[in-house]
Structure formats: structure tokens, C-alpha cells
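The file target-v2.tsv contains TSV, C-alpha atoms:
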chain	number	residue	atom	x	y	z
Z	23	MET	CA	20.72	-0.31	-27.44
Z	24	GLY	CA	22.75	-0.87	-30.61
Z	25	GLU	CA	21.88	-3.01	-33.56
Z	26	LEU	CA	22.52	-6.77	-33.29
Z	27	LYS	CA	24.02	-8.42	-36.38
Z	28	GLN	CA	24.42	-12.11	-37.18
Z	29	TYR	CA	27.09	-13.41	-39.55
Z	30	LYS	CA	27.00	-16.93	-40.96
Z	31	CYS	CA	29.54	-17.37	-43.75
Z	32	LEU	CA	32.95	-16.38	-45.10
Z	33	THR	CA	31.79	-13.16	-46.73
Z	34	ASP	CA	30.07	-12.21	-43.49
Z	35	LEU	CA	33.28	-12.78	-41.49
Z	36	GLU	CA	35.16	-10.66	-44.01
Z	37	LYS	CA	32.51	-7.97	-43.53
Z	38	ILE	CA	32.93	-8.06	-39.73
Z	39	VAL	CA	36.67	-7.51	-39.96
Z	40	SER	CA	36.40	-4.71	-42.51
Z	41	GLU	CA	33.50	-2.94	-40.73
Z	42	ILE	CA	35.03	-2.92	-37.26
Z	43	LYS	CA	38.20	-0.90	-37.67
Z	44	LYS	CA	39.35	-1.42	-34.09
Z	45	LEU	CA	39.01	-5.22	-34.14
Z	46	ARG	CA	42.12	-7.23	-33.32
Z	47	GLY	CA	41.93	-10.99	-33.99
Z	48	ARG	CA	44.04	-14.09	-33.32
Z	49	PRO	CA	43.39	-17.51	-34.85
Z	50	ILE	CA	43.89	-20.21	-32.21
Z	51	ILE	CA	43.75	-23.99	-32.53
Z	52	ARG	CA	40.74	-25.20	-30.52
Z	53	GLY	CA	41.71	-26.04	-26.95
Z	54	LYS	CA	44.75	-23.76	-26.87
Z	55	HIS	CA	44.90	-20.60	-24.74
Z	56	PRO	CA	44.30	-17.37	-26.71
Z	57	THR	CA	47.14	-15.34	-25.15
Z	58	LEU	CA	49.54	-17.81	-23.47
Z	59	TYR	CA	51.43	-20.76	-24.95
Z	60	GLU	CA	52.10	-24.27	-23.67
Z	61	ASP	CA	55.50	-24.76	-22.05
Z	62	ARG	CA	58.30	-25.34	-24.51
Z	63	ALA	CA	61.84	-25.81	-23.19
Z	64	ASP	CA	63.92	-25.12	-26.27
Z	65	GLY	CA	64.02	-23.85	-29.83
Z	66	LYS	CA	62.83	-20.66	-31.47
Z	67	TYR	CA	59.41	-20.83	-29.80
Z	68	ARG	CA	60.71	-21.50	-26.28
Z	69	THR	CA	58.41	-20.17	-23.57
Z	70	VAL	CA	58.78	-18.69	-20.11
Z	71	MET	CA	55.56	-18.80	-18.06
Z	72	GLY	CA	53.54	-19.21	-21.28
Z	73	ILE	CA	55.20	-16.26	-23.03
Z	74	ARG	CA	57.22	-16.99	-26.16
Z	75	LYS	CA	60.79	-15.68	-26.17
Z	76	CYS	CA	60.42	-14.62	-29.81
Z	77	ASP	CA	57.37	-12.43	-29.04
Z	78	TYR	CA	58.78	-10.14	-26.34
Z	79	LYS	CA	62.16	-8.66	-25.46
Z	80	PHE	CA	63.41	-10.44	-22.33
Z	81	ASN	CA	66.24	-9.29	-20.09
Z	82	ILE	CA	69.27	-11.59	-19.78
Z	83	ASP	CA	67.99	-13.65	-16.83
Z	84	GLU	CA	64.48	-13.91	-18.36
Z	85	THR	CA	62.68	-12.43	-15.35
Z	86	TRP	CA	61.76	-9.09	-16.90
Z	87	ILE	CA	60.17	-7.91	-20.16
Z	88	LEU	CA	61.70	-4.79	-21.67
Z	89	PRO	CA	59.52	-2.30	-23.53
Z	90	ASP	CA	59.57	-2.60	-27.31
Z	91	ARG	CA	56.88	-1.16	-29.57
Z	92	GLN	CA	57.68	-3.62	-32.40
Z	93	MET	CA	57.49	-6.83	-30.35
Z	94	GLY	CA	54.53	-8.46	-28.64
Z	95	LEU	CA	51.69	-10.90	-29.06
Z	96	SER	CA	50.50	-10.85	-32.69
Z	97	PHE	CA	47.01	-9.74	-33.73
Z	98	SER	CA	45.44	-9.11	-37.13
Z	99	SER	CA	43.43	-5.98	-37.89
Z	100	SER	CA	42.66	-6.57	-41.56
Z	101	TRP	CA	40.89	-9.34	-43.43
Z	102	GLU	CA	43.96	-9.96	-45.60
Z	103	ASN	CA	46.27	-10.41	-42.62
Z	104	LEU	CA	43.77	-12.55	-40.70
Z	105	LYS	CA	43.23	-14.78	-43.75
Z	106	PHE	CA	47.00	-15.23	-44.15
Z	107	VAL	CA	47.48	-16.17	-40.48
Z	108	LEU	CA	44.43	-18.46	-40.53
Z	109	GLY	CA	46.00	-20.30	-43.47
Z	110	MET	CA	49.22	-20.85	-41.50
Z	111	GLN	CA	47.28	-22.01	-38.42
Z	112	ALA	CA	45.13	-24.38	-40.46
Z	113	LYS	CA	48.27	-26.12	-41.75
Z	114	ARG	CA	49.61	-26.52	-38.20
Z	115	ALA	CA	46.24	-27.60	-36.80
Z	116	LYS	CA	46.24	-30.88	-38.75
Z	117	LYS	CA	42.45	-31.03	-39.11
Z	118	LYS	CA	41.74	-29.63	-35.62
Z	119	PRO	CA	39.28	-26.72	-35.64
Z	120	VAL	CA	40.74	-23.21	-35.60
Z	121	ASP	CA	38.78	-20.52	-33.75
Z	122	VAL	CA	39.25	-16.77	-34.12
Z	123	PHE	CA	39.56	-14.92	-30.82
Z	124	TRP	CA	39.02	-11.19	-31.06
Z	125	ILE	CA	38.98	-8.06	-28.97
Z	126	LEU	CA	38.36	-4.39	-29.70
Z	127	SER	CA	41.56	-2.38	-29.40
Z	128	GLU	CA	39.62	0.21	-27.43
Z	129	ALA	CA	38.75	-2.41	-24.79
Z	130	ASP	CA	40.11	-1.97	-21.31
Z	131	ILE	CA	43.64	-3.25	-21.97
Z	132	PRO	CA	45.74	-3.47	-18.77
Z	133	ASN	CA	48.15	-0.62	-18.07
Z	134	GLY	CA	51.57	-1.04	-19.62
Z	135	LEU	CA	50.21	-2.88	-22.69
Z	136	GLU	CA	49.13	-1.28	-25.94
Z	137	PHE	CA	48.15	-2.36	-29.46
Z	138	VAL	CA	50.88	-1.02	-31.73
Z	139	GLU	CA	50.80	-1.24	-35.53
Z	140	ASP	CA	53.59	-3.28	-37.09
Z	141	GLU	CA	55.78	-0.89	-39.09
Z	142	LYS	CA	56.67	-3.64	-41.58
Z	143	ASN	CA	53.37	-5.49	-42.05
Z	144	SER	CA	50.09	-3.75	-42.82
Z	145	GLY	CA	47.12	-5.20	-40.95
Z	146	HIS	CA	49.35	-6.69	-38.23
Z	147	TYR	CA	49.48	-5.36	-34.66
Z	148	PHE	CA	51.52	-6.22	-31.58
Z	149	LEU	CA	50.12	-6.26	-28.07
Z	150	ALA	CA	53.32	-4.63	-26.87
Z	151	VAL	CA	54.80	-3.80	-23.48
Z	152	THR	CA	54.98	-0.03	-23.56
Z	153	LYS	CA	55.50	0.64	-19.86
Z	154	THR	CA	58.72	2.69	-19.72
Z	155	GLU	CA	60.42	0.52	-17.14
Z	156	GLY	CA	59.11	-2.77	-18.55
Z	157	MET	CA	57.41	-5.37	-16.36
Z	158	SER	CA	58.14	-8.65	-14.66
Z	159	ILE	CA	57.37	-11.85	-16.52
Z	160	GLU	CA	54.76	-12.68	-13.84
Z	161	GLU	CA	53.03	-9.32	-14.35
Z	162	LEU	CA	52.92	-9.76	-18.13
Z	163	ALA	CA	51.51	-13.30	-17.78
Z	164	ARG	CA	48.75	-11.97	-15.46
Z	165	LYS	CA	47.93	-9.13	-17.85
Z	166	LEU	CA	47.79	-11.47	-20.87
Z	167	GLU	CA	45.40	-13.66	-18.88
Z	168	ILE	CA	43.20	-10.59	-18.23
Z	169	VAL	CA	43.21	-9.79	-21.96
Z	170	SER	CA	42.10	-13.37	-22.72
Z	171	TYR	CA	39.08	-12.95	-20.40
Z	172	ARG	CA	38.00	-9.92	-22.43
Z	173	MET	CA	38.23	-11.68	-25.80
Z	174	SER	CA	35.29	-13.07	-27.74
Z	175	VAL	CA	35.49	-16.07	-30.05
Z	176	ILE	CA	34.23	-16.99	-33.51
Z	177	ARG	CA	34.04	-20.79	-33.36
Z	178	ASN	CA	35.40	-22.56	-36.44
Z	179	GLY	CA	36.61	-19.27	-37.87
Z	180	GLY	CA	39.35	-21.32	-39.52
Z	181	ASN	CA	36.74	-22.97	-41.76
Z	182	CYS	CA	36.42	-19.65	-43.59
Z	183	ILE	CA	39.56	-20.28	-45.62

What is this file in C-alpha cells?
Amino acid sequence: MGELKQYKCLTDLEKIVSEIKKLRGRPIIRGKHPTLYEDRADGKYRTVMGIRKCDYKFNIDETWILPDRQMGLSFSSSWENLKFVLGMQAKRAKKKPVDVFWILSEADIPNGLEFVEDEKNSGHYFLAVTKTEGMSIEELARKLEIVSYRMSVIRNGGNCI
């Protein structure tokens, strides 16, 4: 069995992220779902079945997600990127705790999804739809739910900022 490590402070969290090269993390306000969003009817962050329109490429009638390697659910893979996103989340959280959900990119990610490095932003990855023919919105929602079950959480990770 492998070595068990315990991390207790900011420098330890930074060490986790830098040591585990395949770690992908998402800061989430406590009580929110790690991969799906609350319903929002309008605006830039409008959702369809918990999936934000700005995250994935939808077809015209919003029933299908088209493949795009530079769109998808956002994840951080570097301490610098995670710290930046945590700072943004902390401002939005308005004193609510922010947890860091994480998964190893080598985990059993459902078929048709893949972690793809952002070409414009070092340390940022998309959980992108890479299935050639795309997938239905229902299928993507189910697969994002499966990903959430495989994620671990660092409670109060937002306190590290």
C-alpha cells in the first residue's frame, strides 16, 4: 500500500497541487454541486439541465452538445491557476466557505469526455466533449454527475487564500 500523507495548511495544499501532476481541481461554494449548476433562465451564465451555455458548445435547439476541445467545465491543474480561481470564488461566496473538489485526470472519466489543456491559459483544463458526434444534453448531465461522484474534496480549501 502507498504512503499516506496529511496536509494541514496553505503551504501543504500548494505542495499537494504541485506534487500531483495529474490533479484537476475546482473551487466550489459549500453546498453547490461540483459539476452542475443551479438553474438560471437568462444571461451569460444561463443553464440547460445544470450545464452552463458558456461552458459547452450547444446546437441551435439546445438539445445536443457539439464536440469542442477548447470548451468545457473548467478545472485547475496548477497552484497558480487554482489560487486565482479560489480568489474569484471567495469574492462571490460572500463569507460562505469555499471547498476544493478534485479528481485525478487519469481517473475513470466517462467515454466522450476528456481533460484538455487550455491553449490560452497555462494551468487551466477543460473537461471537454470530445466524442466525434457530440452527445445529448441528458447524456452530458449524467456523465458530469458520474464525474462528481469520483471527486474528492478539501473542505475549506478557500481559506488558503

List as a tab-separated table every residue of segment 102-133 of chain Z that is in contact with segment 157-177 of chain Z, defined as an atom at most 8 Å from one of its atoms (using only C-alpha atoms), together with the nearest atom pair and the distance in Å rounded to one decimal, sorted by chain and then rising number.
residue	atom	partner	partner_atom	distance
Z:Val120	CA	Z:Arg177	CA	7.5
Z:Asp121	CA	Z:Arg177	CA	4.8
Z:Val122	CA	Z:Ile176	CA	5.1
Z:Phe123	CA	Z:Val175	CA	4.3
Z:Trp124	CA	Z:Ser174	CA	5.3
Z:Ile125	CA	Z:Met173	CA	4.9
Z:Ala129	CA	Z:Arg172	CA	7.9
Z:Ile131	CA	Z:Val169	CA	6.6
Z:Pro132	CA	Z:Lys165	CA	6.1

Once you have the residues from the selection above, write them out as an mmCIF file, in the frame of the given file, restricted to C-alpha atoms.
data_model
loop_
_atom_site.group_PDB
_atom_site.id
_atom_site.type_symbol
_atom_site.label_atom_id
_atom_site.label_comp_id
_atom_site.auth_asym_id
_atom_site.auth_seq_id
_atom_site.Cartn_x
_atom_site.Cartn_y
_atom_site.Cartn_z
ATOM 1 C CA VAL Z 120 40.740 -23.210 -35.600
ATOM 2 C CA ASP Z 121 38.780 -20.520 -33.750
ATOM 3 C CA VAL Z 122 39.250 -16.770 -34.120
ATOM 4 C CA PHE Z 123 39.560 -14.920 -30.820
ATOM 5 C CA TRP Z 124 39.020 -11.190 -31.060
ATOM 6 C CA ILE Z 125 38.980 -8.060 -28.970
ATOM 7 C CA ALA Z 129 38.750 -2.410 -24.790
ATOM 8 C CA ILE Z 131 43.640 -3.250 -21.970
ATOM 9 C CA PRO Z 132 45.740 -3.470 -18.770
#

Item to check | Non-local contacts of Lys79 of chain Z (10 Å; all atoms listed in the file; under 4 positions in same chain excluded) as a PyMOL selection string | outcome: chain Z and resi 74-75+84+86-90+92-94+150-151+156

Item to check | Among the residues Z:Glu136, Z:Asp83, Z:His146, Z:Arg114, the one that comes closest to Arg52 of chain Z [using only C-alpha atoms] | outcome: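 Among the listed residues, Z:Arg114 lies closest to Arg52 of chain Z.
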
Next on the checklist: Between atom CA of Glu60 of chain Z and atom CA of Glu141 of chain Z, what is the distance in Å, rounded to a tenth?
Outcome noted: 28.2 Å

Item to check | Counting all atoms listed in the file, the option among Z:Tyr67, Z:Tyr59, Z:Trp101, Z:Phe80 closest to Ser144 of chain Z | outcome: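 Of all the options, Z:Trp101 lies closest to Ser144 of chain Z.
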
Checklist entry - Pick the closest to Asp140 of chain Z from Z:Ser96, Z:Ser127, Z:Thr85, Z:Thr152: which is it, counting all atoms listed in the file? => result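 Of the candidates, the smallest distance to Asp140 of chain Z is held by Z:Ser96.
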
Checklist entry - Any idea what the distance is between atom CA of Ser99 of chain Z and atom CA of Asn81 of chain Z? => result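 Rounded to one decimal, the two atoms are 29.1 Å apart.
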
Item to check | atom CA of Ser98 of chain Z to atom CA of Leu58 of chain Z, distance in Å rounded to a single decimal | outcome: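 That distance, rounded to one decimal, is 16.7 Å.
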
Item to check | Counting all atoms listed in the file, the option among Z:Lys118, Z:Glu155, Z:Gly109, Z:Glu139 closest to Gly53 of chain Z | outcome: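 With all atoms listed in the file as the atom set, the closest residue is Z:Lys118.
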